[in-house]
Amino acid sequence: MSKFVIYPAIDIRDGKCVRLIQGDYSQETIYNEDPVAAARDWEEQGGQWIHLVDLDGAKAGHPVNDELIGRIAKAVKVPVQVGGGLRKEEDVERLLGLGVSRVILGTAAIEDRAFVSRVLNKYGKAIAIGLDARDGLVATRGWLETSAVKAEDLAVELAGEGAQTFIFTDISRDGMMGGPNVEAILSLAKISGRTVIASGGVSKPEDLDHLAVHADEGIGGAIVGKALYTGSISLAEAVSKFS
């Protein structure tokens, strides 16, 4: 069976670890005042990766929390991936230089394909493509806007340009604790022929089971946020089960 990785999520806003409901900046819960401490905690519980989102950056259109992200990357031994507002090559280069292992491009995949092609060619596996979908269409700019581009169509195109990893979020499931959209995630993995990391809706251990059974078909892991912070899922138990 292919490896299935749990990615504990740390969403950063105003220097704190928060969670939003369906990307709504007005529906915020603060879970930890110190994201560095949160990252260390997830590592101690067995986390094999840390998933960071610069929410301020996603909204602003450029990285905002670089200094904090760099401190997190240096504070843990496990690899860190980061998304949020990455739309310029110098921003990608700077974050990778701060010790980040993989950066996630979202809005740029729609709005600046030349940039995406360049960094895929230059950095290869260090680039992941975030496909955040609302009713199957890719949302951009911190989910504040919805494009007319189908997530599956974009995945096929970018796989052809060298993308190896996609992170798929069904926005309607995010923060709602209602379970992931396994059908859509699996379909994306099959049609793109690439690894897809599930994001949004994972609320209980069974949700991870439903995803992990498809590890050999391209679902390579799941990003888990709220369920870890509320205790609905134990990171240590989940990592032990799937490693």
# chains A, B, ... in the order shown; residues from 1 in each chain; ligands from 1
>>> select_by_dssp(residues="stretch 36-207 of chain A", states="strand (DSSP E)", output="PDB file with all heavy atoms, in the first residue's frame")
ATOM      1  N   ILE A  50       4.287  19.381   8.420  1.00  0.00           N
ATOM      2  CA  ILE A  50       3.466  20.463   8.961  1.00  0.00           C
ATOM      3  C   ILE A  50       2.930  21.263   7.771  1.00  0.00           C
ATOM      4  O   ILE A  50       3.697  21.641   6.874  1.00  0.00           O
ATOM      5  CB  ILE A  50       4.259  21.400   9.894  1.00  0.00           C
ATOM      6  CG1 ILE A  50       4.905  20.621  11.055  1.00  0.00           C
ATOM      7  CG2 ILE A  50       3.362  22.513  10.422  1.00  0.00           C
ATOM      8  CD1 ILE A  50       3.943  20.003  12.032  1.00  0.00           C
ATOM      9  N   HIS A  51       1.628  21.518   7.770  1.00  0.00           N
ATOM     10  CA  HIS A  51       0.991  22.283   6.701  1.00  0.00           C
ATOM     11  C   HIS A  51       0.666  23.676   7.222  1.00  0.00           C
ATOM     12  O   HIS A  51      -0.097  23.828   8.182  1.00  0.00           O
ATOM     13  CB  HIS A  51      -0.297  21.571   6.257  1.00  0.00           C
ATOM     14  CG  HIS A  51      -1.124  22.343   5.266  1.00  0.00           C
ATOM     15  ND1 HIS A  51      -0.813  22.380   3.932  1.00  0.00           N
ATOM     16  CD2 HIS A  51      -2.238  23.106   5.428  1.00  0.00           C
ATOM     17  CE1 HIS A  51      -1.712  23.131   3.293  1.00  0.00           C
ATOM     18  NE2 HIS A  51      -2.588  23.589   4.185  1.00  0.00           N
ATOM     19  N   LEU A  52       1.249  24.696   6.612  1.00  0.00           N
ATOM     20  CA  LEU A  52       1.040  26.075   7.039  1.00  0.00           C
ATOM     21  C   LEU A  52       0.274  26.849   5.973  1.00  0.00           C
ATOM     22  O   LEU A  52       0.540  26.703   4.780  1.00  0.00           O
ATOM     23  CB  LEU A  52       2.376  26.783   7.279  1.00  0.00           C
ATOM     24  CG  LEU A  52       3.342  26.173   8.299  1.00  0.00           C
ATOM     25  CD1 LEU A  52       4.633  26.986   8.335  1.00  0.00           C
ATOM     26  CD2 LEU A  52       2.714  26.124   9.684  1.00  0.00           C
ATOM     27  N   VAL A  53      -0.645  27.674   6.421  1.00  0.00           N
ATOM     28  CA  VAL A  53      -1.346  28.586   5.518  1.00  0.00           C
ATOM     29  C   VAL A  53      -1.197  30.008   6.051  1.00  0.00           C
ATOM     30  O   VAL A  53      -1.530  30.290   7.199  1.00  0.00           O
ATOM     31  CB  VAL A  53      -2.846  28.239   5.398  1.00  0.00           C
ATOM     32  CG1 VAL A  53      -3.528  29.239   4.455  1.00  0.00           C
ATOM     33  CG2 VAL A  53      -3.041  26.820   4.896  1.00  0.00           C
ATOM     34  N   ASP A  54      -0.673  30.878   5.207  1.00  0.00           N
ATOM     35  CA  ASP A  54      -0.557  32.292   5.536  1.00  0.00           C
ATOM     36  C   ASP A  54      -1.874  32.956   5.114  1.00  0.00           C
ATOM     37  O   ASP A  54      -2.024  33.401   3.980  1.00  0.00           O
ATOM     38  CB  ASP A  54       0.640  32.878   4.777  1.00  0.00           C
ATOM     39  CG  ASP A  54       0.897  34.347   5.100  1.00  0.00           C
ATOM     40  OD1 ASP A  54       0.029  34.979   5.738  1.00  0.00           O
ATOM     41  OD2 ASP A  54       1.960  34.862   4.705  1.00  0.00           O
ATOM     42  N   VAL A  80       8.087  21.127   6.095  1.00  0.00           N
ATOM     43  CA  VAL A  80       6.982  22.076   6.201  1.00  0.00           C
ATOM     44  C   VAL A  80       6.553  22.483   4.793  1.00  0.00           C
ATOM     45  O   VAL A  80       7.391  22.724   3.923  1.00  0.00           O
ATOM     46  CB  VAL A  80       7.436  23.337   6.987  1.00  0.00           C
ATOM     47  CG1 VAL A  80       6.398  24.433   6.901  1.00  0.00           C
ATOM     48  CG2 VAL A  80       7.724  22.978   8.440  1.00  0.00           C
ATOM     49  N   GLN A  81       5.237  22.528   4.566  1.00  0.00           N
ATOM     50  CA  GLN A  81       4.733  23.068   3.308  1.00  0.00           C
ATOM     51  C   GLN A  81       3.886  24.296   3.618  1.00  0.00           C
ATOM     52  O   GLN A  81       3.222  24.365   4.651  1.00  0.00           O
ATOM     53  CB  GLN A  81       3.933  22.029   2.520  1.00  0.00           C
ATOM     54  CG  GLN A  81       2.662  21.536   3.177  1.00  0.00           C
ATOM     55  CD  GLN A  81       1.947  20.488   2.336  1.00  0.00           C
ATOM     56  OE1 GLN A  81       2.537  19.857   1.458  1.00  0.00           O
ATOM     57  NE2 GLN A  81       0.658  20.285   2.594  1.00  0.00           N
ATOM     58  N   VAL A  82       3.915  25.268   2.697  1.00  0.00           N
ATOM     59  CA  VAL A  82       3.289  26.567   2.962  1.00  0.00           C
ATOM     60  C   VAL A  82       2.505  27.044   1.748  1.00  0.00           C
ATOM     61  O   VAL A  82       2.979  26.959   0.612  1.00  0.00           O
ATOM     62  CB  VAL A  82       4.353  27.644   3.294  1.00  0.00           C
ATOM     63  CG1 VAL A  82       3.688  29.006   3.503  1.00  0.00           C
ATOM     64  CG2 VAL A  82       5.146  27.255   4.519  1.00  0.00           C
ATOM     65  N   GLY A  83       1.327  27.577   1.999  1.00  0.00           N
ATOM     66  CA  GLY A  83       0.536  28.224   0.963  1.00  0.00           C
ATOM     67  C   GLY A  83       0.002  29.552   1.466  1.00  0.00           C
ATOM     68  O   GLY A  83      -0.023  29.803   2.674  1.00  0.00           O
ATOM     69  N   ARG A 102       8.195  22.674   0.758  1.00  0.00           N
ATOM     70  CA  ARG A 102       7.293  22.701  -0.395  1.00  0.00           C
ATOM     71  C   ARG A 102       6.375  23.906  -0.282  1.00  0.00           C
ATOM     72  O   ARG A 102       5.846  24.196   0.790  1.00  0.00           O
ATOM     73  CB  ARG A 102       6.465  21.407  -0.431  1.00  0.00           C
ATOM     74  CG  ARG A 102       5.600  21.249  -1.676  1.00  0.00           C
ATOM     75  CD  ARG A 102       5.250  19.777  -1.900  1.00  0.00           C
ATOM     76  NE  ARG A 102       4.426  19.220  -0.840  1.00  0.00           N
ATOM     77  CZ  ARG A 102       4.310  17.906  -0.603  1.00  0.00           C
ATOM     78  NH1 ARG A 102       4.960  17.023  -1.349  1.00  0.00           N
ATOM     79  NH2 ARG A 102       3.535  17.474   0.372  1.00  0.00           N
ATOM     80  N   VAL A 103       6.216  24.613  -1.404  1.00  0.00           N
ATOM     81  CA  VAL A 103       5.306  25.754  -1.420  1.00  0.00           C
ATOM     82  C   VAL A 103       4.093  25.412  -2.276  1.00  0.00           C
ATOM     83  O   VAL A 103       4.178  24.620  -3.219  1.00  0.00           O
ATOM     84  CB  VAL A 103       5.975  27.035  -1.936  1.00  0.00           C
ATOM     85  CG1 VAL A 103       7.142  27.430  -1.050  1.00  0.00           C
ATOM     86  CG2 VAL A 103       6.446  26.877  -3.372  1.00  0.00           C
ATOM     87  N   ILE A 104       2.970  25.994  -1.922  1.00  0.00           N
ATOM     88  CA  ILE A 104       1.701  25.685  -2.577  1.00  0.00           C
ATOM     89  C   ILE A 104       1.225  26.912  -3.335  1.00  0.00           C
ATOM     90  O   ILE A 104       1.074  27.997  -2.763  1.00  0.00           O
ATOM     91  CB  ILE A 104       0.649  25.269  -1.523  1.00  0.00           C
ATOM     92  CG1 ILE A 104       1.165  24.091  -0.682  1.00  0.00           C
ATOM     93  CG2 ILE A 104      -0.673  24.907  -2.204  1.00  0.00           C
ATOM     94  CD1 ILE A 104       0.470  23.935   0.656  1.00  0.00           C
ATOM     95  N   LEU A 105       0.994  26.733  -4.624  1.00  0.00           N
ATOM     96  CA  LEU A 105       0.498  27.813  -5.465  1.00  0.00           C
ATOM     97  C   LEU A 105      -0.979  27.605  -5.729  1.00  0.00           C
ATOM     98  O   LEU A 105      -1.387  26.514  -6.128  1.00  0.00           O
ATOM     99  CB  LEU A 105       1.260  27.854  -6.792  1.00  0.00           C
ATOM    100  CG  LEU A 105       2.784  27.902  -6.706  1.00  0.00           C
ATOM    101  CD1 LEU A 105       3.377  27.952  -8.100  1.00  0.00           C
ATOM    102  CD2 LEU A 105       3.254  29.091  -5.871  1.00  0.00           C
ATOM    103  N   ILE A 127       7.184  22.251  -5.487  1.00  0.00           N
ATOM    104  CA  ILE A 127       5.985  23.029  -5.810  1.00  0.00           C
ATOM    105  C   ILE A 127       4.761  22.119  -5.790  1.00  0.00           C
ATOM    106  O   ILE A 127       4.739  21.071  -6.434  1.00  0.00           O
ATOM    107  CB  ILE A 127       6.088  23.667  -7.216  1.00  0.00           C
ATOM    108  CG1 ILE A 127       7.353  24.515  -7.353  1.00  0.00           C
ATOM    109  CG2 ILE A 127       4.832  24.483  -7.520  1.00  0.00           C
ATOM    110  CD1 ILE A 127       7.405  25.723  -6.464  1.00  0.00           C
ATOM    111  N   ALA A 128       3.753  22.510  -5.021  1.00  0.00           N
ATOM    112  CA  ALA A 128       2.455  21.824  -5.058  1.00  0.00           C
ATOM    113  C   ALA A 128       1.422  22.818  -5.577  1.00  0.00           C
ATOM    114  O   ALA A 128       1.577  24.038  -5.416  1.00  0.00           O
ATOM    115  CB  ALA A 128       2.045  21.327  -3.675  1.00  0.00           C
ATOM    116  N   ILE A 129       0.388  22.294  -6.203  1.00  0.00           N
ATOM    117  CA  ILE A 129      -0.683  23.142  -6.719  1.00  0.00           C
ATOM    118  C   ILE A 129      -1.920  22.963  -5.843  1.00  0.00           C
ATOM    119  O   ILE A 129      -2.412  21.850  -5.673  1.00  0.00           O
ATOM    120  CB  ILE A 129      -1.039  22.786  -8.175  1.00  0.00           C
ATOM    121  CG1 ILE A 129       0.205  22.855  -9.066  1.00  0.00           C
ATOM    122  CG2 ILE A 129      -2.141  23.710  -8.688  1.00  0.00           C
ATOM    123  CD1 ILE A 129       0.830  24.213  -9.202  1.00  0.00           C
ATOM    124  N   GLY A 130      -2.379  24.059  -5.275  1.00  0.00           N
ATOM    125  CA  GLY A 130      -3.590  24.026  -4.462  1.00  0.00           C
ATOM    126  C   GLY A 130      -4.813  24.296  -5.320  1.00  0.00           C
ATOM    127  O   GLY A 130      -4.914  25.356  -5.944  1.00  0.00           O
ATOM    128  N   LEU A 131      -5.691  23.324  -5.386  1.00  0.00           N
ATOM    129  CA  LEU A 131      -6.937  23.467  -6.137  1.00  0.00           C
ATOM    130  C   LEU A 131      -8.084  23.554  -5.140  1.00  0.00           C
ATOM    131  O   LEU A 131      -8.494  22.548  -4.558  1.00  0.00           O
ATOM    132  CB  LEU A 131      -7.127  22.280  -7.087  1.00  0.00           C
ATOM    133  CG  LEU A 131      -6.056  22.106  -8.173  1.00  0.00           C
ATOM    134  CD1 LEU A 131      -6.311  20.839  -8.957  1.00  0.00           C
ATOM    135  CD2 LEU A 131      -6.034  23.316  -9.100  1.00  0.00           C
ATOM    136  N   ASP A 132      -8.555  24.758  -4.910  1.00  0.00           N
ATOM    137  CA  ASP A 132      -9.654  24.990  -3.980  1.00  0.00           C
ATOM    138  C   ASP A 132     -10.907  25.190  -4.811  1.00  0.00           C
ATOM    139  O   ASP A 132     -10.994  26.144  -5.585  1.00  0.00           O
ATOM    140  CB  ASP A 132      -9.379  26.226  -3.129  1.00  0.00           C
ATOM    141  CG  ASP A 132      -8.068  26.111  -2.349  1.00  0.00           C
ATOM    142  OD1 ASP A 132      -7.640  24.965  -2.098  1.00  0.00           O
ATOM    143  OD2 ASP A 132      -7.490  27.144  -2.000  1.00  0.00           O
ATOM    144  N   ALA A 133     -11.856  24.272  -4.659  1.00  0.00           N
ATOM    145  CA  ALA A 133     -13.008  24.277  -5.564  1.00  0.00           C
ATOM    146  C   ALA A 133     -14.316  24.571  -4.858  1.00  0.00           C
ATOM    147  O   ALA A 133     -14.581  24.095  -3.756  1.00  0.00           O
ATOM    148  CB  ALA A 133     -13.104  22.937  -6.283  1.00  0.00           C
ATOM    149  N   ARG A 134     -15.112  25.380  -5.541  1.00  0.00           N
ATOM    150  CA  ARG A 134     -16.483  25.656  -5.104  1.00  0.00           C
ATOM    151  C   ARG A 134     -17.386  25.178  -6.241  1.00  0.00           C
ATOM    152  O   ARG A 134     -17.324  25.692  -7.349  1.00  0.00           O
ATOM    153  CB  ARG A 134     -16.653  27.161  -4.839  1.00  0.00           C
ATOM    154  CG  ARG A 134     -18.011  27.548  -4.275  1.00  0.00           C
ATOM    155  CD  ARG A 134     -18.091  29.051  -4.032  1.00  0.00           C
ATOM    156  NE  ARG A 134     -17.401  29.462  -2.808  1.00  0.00           N
ATOM    157  CZ  ARG A 134     -16.347  30.252  -2.764  1.00  0.00           C
ATOM    158  NH1 ARG A 134     -15.801  30.698  -3.891  1.00  0.00           N
ATOM    159  NH2 ARG A 134     -15.798  30.598  -1.617  1.00  0.00           N
ATOM    160  N   LEU A 137     -15.523  24.389  -9.430  1.00  0.00           N
ATOM    161  CA  LEU A 137     -14.785  25.474 -10.077  1.00  0.00           C
ATOM    162  C   LEU A 137     -13.728  26.023  -9.122  1.00  0.00           C
ATOM    163  O   LEU A 137     -13.957  26.125  -7.917  1.00  0.00           O
ATOM    164  CB  LEU A 137     -15.738  26.595 -10.499  1.00  0.00           C
ATOM    165  CG  LEU A 137     -16.840  26.202 -11.480  1.00  0.00           C
ATOM    166  CD1 LEU A 137     -17.769  27.389 -11.732  1.00  0.00           C
ATOM    167  CD2 LEU A 137     -16.256  25.687 -12.797  1.00  0.00           C
ATOM    168  N   VAL A 138     -12.568  26.378  -9.664  1.00  0.00           N
ATOM    169  CA  VAL A 138     -11.450  26.816  -8.840  1.00  0.00           C
ATOM    170  C   VAL A 138     -11.710  28.204  -8.257  1.00  0.00           C
ATOM    171  O   VAL A 138     -12.036  29.149  -8.986  1.00  0.00           O
ATOM    172  CB  VAL A 138     -10.148  26.837  -9.669  1.00  0.00           C
ATOM    173  CG1 VAL A 138      -8.988  27.353  -8.818  1.00  0.00           C
ATOM    174  CG2 VAL A 138      -9.827  25.435 -10.184  1.00  0.00           C
ATOM    175  N   ALA A 139     -11.567  28.313  -6.945  1.00  0.00           N
ATOM    176  CA  ALA A 139     -11.689  29.595  -6.253  1.00  0.00           C
ATOM    177  C   ALA A 139     -10.300  30.195  -6.070  1.00  0.00           C
ATOM    178  O   ALA A 139      -9.308  29.472  -5.933  1.00  0.00           O
ATOM    179  CB  ALA A 139     -12.368  29.421  -4.902  1.00  0.00           C
ATOM    180  N   THR A 140     -10.231  31.519  -6.066  1.00  0.00           N
ATOM    181  CA  THR A 140      -8.943  32.207  -5.963  1.00  0.00           C
ATOM    182  C   THR A 140      -9.007  33.320  -4.918  1.00  0.00           C
ATOM    183  O   THR A 140     -10.051  33.593  -4.341  1.00  0.00           O
ATOM    184  CB  THR A 140      -8.547  32.824  -7.329  1.00  0.00           C
ATOM    185  OG1 THR A 140      -9.553  33.784  -7.718  1.00  0.00           O
ATOM    186  CG2 THR A 140      -8.434  31.756  -8.400  1.00  0.00           C
ATOM    187  N   GLU A 145     -12.925  34.835  -4.493  1.00  0.00           N
ATOM    188  CA  GLU A 145     -13.433  34.869  -5.862  1.00  0.00           C
ATOM    189  C   GLU A 145     -13.496  33.454  -6.426  1.00  0.00           C
ATOM    190  O   GLU A 145     -12.739  32.579  -6.004  1.00  0.00           O
ATOM    191  CB  GLU A 145     -12.528  35.746  -6.749  1.00  0.00           C
ATOM    192  CG  GLU A 145     -12.445  37.189  -6.299  1.00  0.00           C
ATOM    193  CD  GLU A 145     -11.488  38.019  -7.148  1.00  0.00           C
ATOM    194  OE1 GLU A 145     -11.115  37.546  -8.249  1.00  0.00           O
ATOM    195  OE2 GLU A 145     -11.125  39.116  -6.706  1.00  0.00           O
ATOM    196  N   THR A 146     -14.411  33.233  -7.368  1.00  0.00           N
ATOM    197  CA  THR A 146     -14.542  31.921  -8.013  1.00  0.00           C
ATOM    198  C   THR A 146     -14.355  32.088  -9.517  1.00  0.00           C
ATOM    199  O   THR A 146     -15.000  32.936 -10.143  1.00  0.00           O
ATOM    200  CB  THR A 146     -15.920  31.284  -7.737  1.00  0.00           C
ATOM    201  OG1 THR A 146     -16.114  31.204  -6.319  1.00  0.00           O
ATOM    202  CG2 THR A 146     -15.989  29.881  -8.331  1.00  0.00           C
ATOM    203  N   SER A 147     -13.458  31.277 -10.093  1.00  0.00           N
ATOM    204  CA  SER A 147     -13.176  31.359 -11.523  1.00  0.00           C
ATOM    205  C   SER A 147     -14.182  30.519 -12.314  1.00  0.00           C
ATOM    206  O   SER A 147     -15.077  29.893 -11.747  1.00  0.00           O
ATOM    207  CB  SER A 147     -11.760  30.839 -11.801  1.00  0.00           C
ATOM    208  OG  SER A 147     -11.725  29.423 -11.667  1.00  0.00           O
ATOM    209  N   ALA A 148     -14.009  30.483 -13.620  1.00  0.00           N
ATOM    210  CA  ALA A 148     -14.854  29.655 -14.486  1.00  0.00           C
ATOM    211  C   ALA A 148     -14.110  28.392 -14.909  1.00  0.00           C
ATOM    212  O   ALA A 148     -14.552  27.660 -15.796  1.00  0.00           O
ATOM    213  CB  ALA A 148     -15.278  30.443 -15.718  1.00  0.00           C
ATOM    214  N   VAL A 149     -12.985  28.109 -14.235  1.00  0.00           N
ATOM    215  CA  VAL A 149     -12.129  26.981 -14.606  1.00  0.00           C
ATOM    216  C   VAL A 149     -12.441  25.768 -13.730  1.00  0.00           C
ATOM    217  O   VAL A 149     -12.484  25.868 -12.506  1.00  0.00           O
ATOM    218  CB  VAL A 149     -10.642  27.369 -14.452  1.00  0.00           C
ATOM    219  CG1 VAL A 149      -9.741  26.181 -14.804  1.00  0.00           C
ATOM    220  CG2 VAL A 149     -10.316  28.570 -15.319  1.00  0.00           C
ATOM    221  N   LYS A 150     -12.632  24.616 -14.378  1.00  0.00           N
ATOM    222  CA  LYS A 150     -12.887  23.385 -13.631  1.00  0.00           C
ATOM    223  C   LYS A 150     -11.582  22.871 -13.019  1.00  0.00           C
ATOM    224  O   LYS A 150     -10.541  22.853 -13.674  1.00  0.00           O
ATOM    225  CB  LYS A 150     -13.484  22.321 -14.552  1.00  0.00           C
ATOM    226  CG  LYS A 150     -14.906  22.605 -15.001  1.00  0.00           C
ATOM    227  CD  LYS A 150     -15.439  21.451 -15.838  1.00  0.00           C
ATOM    228  CE  LYS A 150     -16.881  21.701 -16.271  1.00  0.00           C
ATOM    229  NZ  LYS A 150     -17.397  20.591 -17.115  1.00  0.00           N
ATOM    230  N   THR A 165       2.195  17.169  -7.352  1.00  0.00           N
ATOM    231  CA  THR A 165       1.338  17.096  -6.170  1.00  0.00           C
ATOM    232  C   THR A 165       0.244  18.155  -6.238  1.00  0.00           C
ATOM    233  O   THR A 165       0.522  19.332  -6.508  1.00  0.00           O
ATOM    234  CB  THR A 165       2.153  17.315  -4.879  1.00  0.00           C
ATOM    235  OG1 THR A 165       3.233  16.376  -4.828  1.00  0.00           O
ATOM    236  CG2 THR A 165       1.280  17.148  -3.641  1.00  0.00           C
ATOM    237  N   PHE A 166      -0.980  17.717  -5.997  1.00  0.00           N
ATOM    238  CA  PHE A 166      -2.115  18.642  -5.905  1.00  0.00           C
ATOM    239  C   PHE A 166      -2.722  18.556  -4.510  1.00  0.00           C
ATOM    240  O   PHE A 166      -2.759  17.488  -3.901  1.00  0.00           O
ATOM    241  CB  PHE A 166      -3.185  18.300  -6.943  1.00  0.00           C
ATOM    242  CG  PHE A 166      -2.763  18.519  -8.365  1.00  0.00           C
ATOM    243  CD1 PHE A 166      -2.332  17.461  -9.143  1.00  0.00           C
ATOM    244  CD2 PHE A 166      -2.773  19.786  -8.920  1.00  0.00           C
ATOM    245  CE1 PHE A 166      -1.924  17.651 -10.452  1.00  0.00           C
ATOM    246  CE2 PHE A 166      -2.362  19.999 -10.224  1.00  0.00           C
ATOM    247  CZ  PHE A 166      -1.943  18.929 -10.998  1.00  0.00           C
ATOM    248  N   ILE A 167      -3.178  19.684  -4.013  1.00  0.00           N
ATOM    249  CA  ILE A 167      -3.914  19.724  -2.756  1.00  0.00           C
ATOM    250  C   ILE A 167      -5.313  20.190  -3.090  1.00  0.00           C
ATOM    251  O   ILE A 167      -5.507  21.309  -3.579  1.00  0.00           O
ATOM    252  CB  ILE A 167      -3.234  20.661  -1.744  1.00  0.00           C
ATOM    253  CG1 ILE A 167      -1.846  20.123  -1.401  1.00  0.00           C
ATOM    254  CG2 ILE A 167      -4.094  20.809  -0.487  1.00  0.00           C
ATOM    255  CD1 ILE A 167      -1.003  21.058  -0.564  1.00  0.00           C
ATOM    256  N   PHE A 168      -6.284  19.314  -2.855  1.00  0.00           N
ATOM    257  CA  PHE A 168      -7.656  19.616  -3.263  1.00  0.00           C
ATOM    258  C   PHE A 168      -8.530  19.918  -2.055  1.00  0.00           C
ATOM    259  O   PHE A 168      -8.624  19.123  -1.115  1.00  0.00           O
ATOM    260  CB  PHE A 168      -8.258  18.443  -4.032  1.00  0.00           C
ATOM    261  CG  PHE A 168      -9.690  18.683  -4.447  1.00  0.00           C
ATOM    262  CD1 PHE A 168      -9.990  19.489  -5.529  1.00  0.00           C
ATOM    263  CD2 PHE A 168     -10.745  18.123  -3.733  1.00  0.00           C
ATOM    264  CE1 PHE A 168     -11.308  19.738  -5.907  1.00  0.00           C
ATOM    265  CE2 PHE A 168     -12.062  18.353  -4.093  1.00  0.00           C
ATOM    266  CZ  PHE A 168     -12.344  19.167  -5.184  1.00  0.00           C
ATOM    267  N   THR A 169      -9.173  21.067  -2.102  1.00  0.00           N
ATOM    268  CA  THR A 169     -10.107  21.459  -1.049  1.00  0.00           C
ATOM    269  C   THR A 169     -11.490  21.684  -1.645  1.00  0.00           C
ATOM    270  O   THR A 169     -11.650  22.466  -2.580  1.00  0.00           O
ATOM    271  CB  THR A 169      -9.659  22.774  -0.368  1.00  0.00           C
ATOM    272  OG1 THR A 169      -8.333  22.629   0.125  1.00  0.00           O
ATOM    273  CG2 THR A 169     -10.594  23.125   0.780  1.00  0.00           C
ATOM    274  N   ASP A 170     -12.462  20.978  -1.104  1.00  0.00           N
ATOM    275  CA  ASP A 170     -13.857  21.279  -1.431  1.00  0.00           C
ATOM    276  C   ASP A 170     -14.299  22.310  -0.400  1.00  0.00           C
ATOM    277  O   ASP A 170     -14.498  21.988   0.777  1.00  0.00           O
ATOM    278  CB  ASP A 170     -14.712  20.009  -1.336  1.00  0.00           C
ATOM    279  CG  ASP A 170     -16.169  20.252  -1.702  1.00  0.00           C
ATOM    280  OD1 ASP A 170     -16.620  21.412  -1.617  1.00  0.00           O
ATOM    281  OD2 ASP A 170     -16.867  19.291  -2.051  1.00  0.00           O
ATOM    282  N   THR A 195      -0.389  12.651  -7.458  1.00  0.00           N
ATOM    283  CA  THR A 195      -0.756  12.528  -6.053  1.00  0.00           C
ATOM    284  C   THR A 195      -1.647  13.694  -5.643  1.00  0.00           C
ATOM    285  O   THR A 195      -1.343  14.852  -5.951  1.00  0.00           O
ATOM    286  CB  THR A 195       0.497  12.530  -5.166  1.00  0.00           C
ATOM    287  OG1 THR A 195       1.309  11.400  -5.497  1.00  0.00           O
ATOM    288  CG2 THR A 195       0.124  12.471  -3.685  1.00  0.00           C
ATOM    289  N   VAL A 196      -2.741  13.371  -4.961  1.00  0.00           N
ATOM    290  CA  VAL A 196      -3.642  14.405  -4.457  1.00  0.00           C
ATOM    291  C   VAL A 196      -3.735  14.292  -2.940  1.00  0.00           C
ATOM    292  O   VAL A 196      -3.972  13.211  -2.398  1.00  0.00           O
ATOM    293  CB  VAL A 196      -5.052  14.277  -5.073  1.00  0.00           C
ATOM    294  CG1 VAL A 196      -5.992  15.324  -4.482  1.00  0.00           C
ATOM    295  CG2 VAL A 196      -4.996  14.429  -6.589  1.00  0.00           C
ATOM    296  N   ILE A 197      -3.517  15.408  -2.269  1.00  0.00           N
ATOM    297  CA  ILE A 197      -3.674  15.487  -0.818  1.00  0.00           C
ATOM    298  C   ILE A 197      -5.046  16.090  -0.550  1.00  0.00           C
ATOM    299  O   ILE A 197      -5.381  17.147  -1.088  1.00  0.00           O
ATOM    300  CB  ILE A 197      -2.567  16.359  -0.199  1.00  0.00           C
ATOM    301  CG1 ILE A 197      -1.189  15.754  -0.482  1.00  0.00           C
ATOM    302  CG2 ILE A 197      -2.787  16.508   1.312  1.00  0.00           C
ATOM    303  CD1 ILE A 197      -0.037  16.683  -0.142  1.00  0.00           C
ATOM    304  N   ALA A 198      -5.825  15.411   0.261  1.00  0.00           N
ATOM    305  CA  ALA A 198      -7.181  15.864   0.566  1.00  0.00           C
ATOM    306  C   ALA A 198      -7.158  16.954   1.631  1.00  0.00           C
ATOM    307  O   ALA A 198      -6.364  16.906   2.567  1.00  0.00           O
ATOM    308  CB  ALA A 198      -8.020  14.689   1.059  1.00  0.00           C
ATOM    309  N   SER A 199      -8.050  17.932   1.469  1.00  0.00           N
ATOM    310  CA  SER A 199      -8.150  19.005   2.443  1.00  0.00           C
ATOM    311  C   SER A 199      -9.608  19.424   2.586  1.00  0.00           C
ATOM    312  O   SER A 199     -10.319  19.556   1.602  1.00  0.00           O
ATOM    313  CB  SER A 199      -7.292  20.198   1.995  1.00  0.00           C
ATOM    314  OG  SER A 199      -7.449  21.296   2.870  1.00  0.00           O
TER     315      SER A 199
END
>>> closest_atom_pairs(of="stretch 7-105 of chain A", to="stretch 219-231 of chain A", cutoff="6 Å", atoms="only C-alpha atoms", output="JSON lines")
{"residue": "A:Tyr7", "atom": "CA", "partner": "A:Ile223", "partner_atom": "CA", "distance": 4.4}
{"residue": "A:Pro8", "atom": "CA", "partner": "A:Val224", "partner_atom": "CA", "distance": 5.1}
{"residue": "A:Ala9", "atom": "CA", "partner": "A:Gly225", "partner_atom": "CA", "distance": 4.8}
>>> residues_around(residues="A:Lys88", least_positions_apart="4", cutoff="9 Å", atoms="only C-alpha atoms", output="number ranges by chain")
A: 62, 92-93, 108, 115
>>> atom_distance(atom1="atom CA of A:Pro63", atom2="atom CA of A:Val5")
25.9 Å
>>> closest_residue(among="A:Ala163, A:Ala236, A:Gly179, A:Ser203", to="A:Asp41", atoms="only C-alpha atoms")
A:Ala236
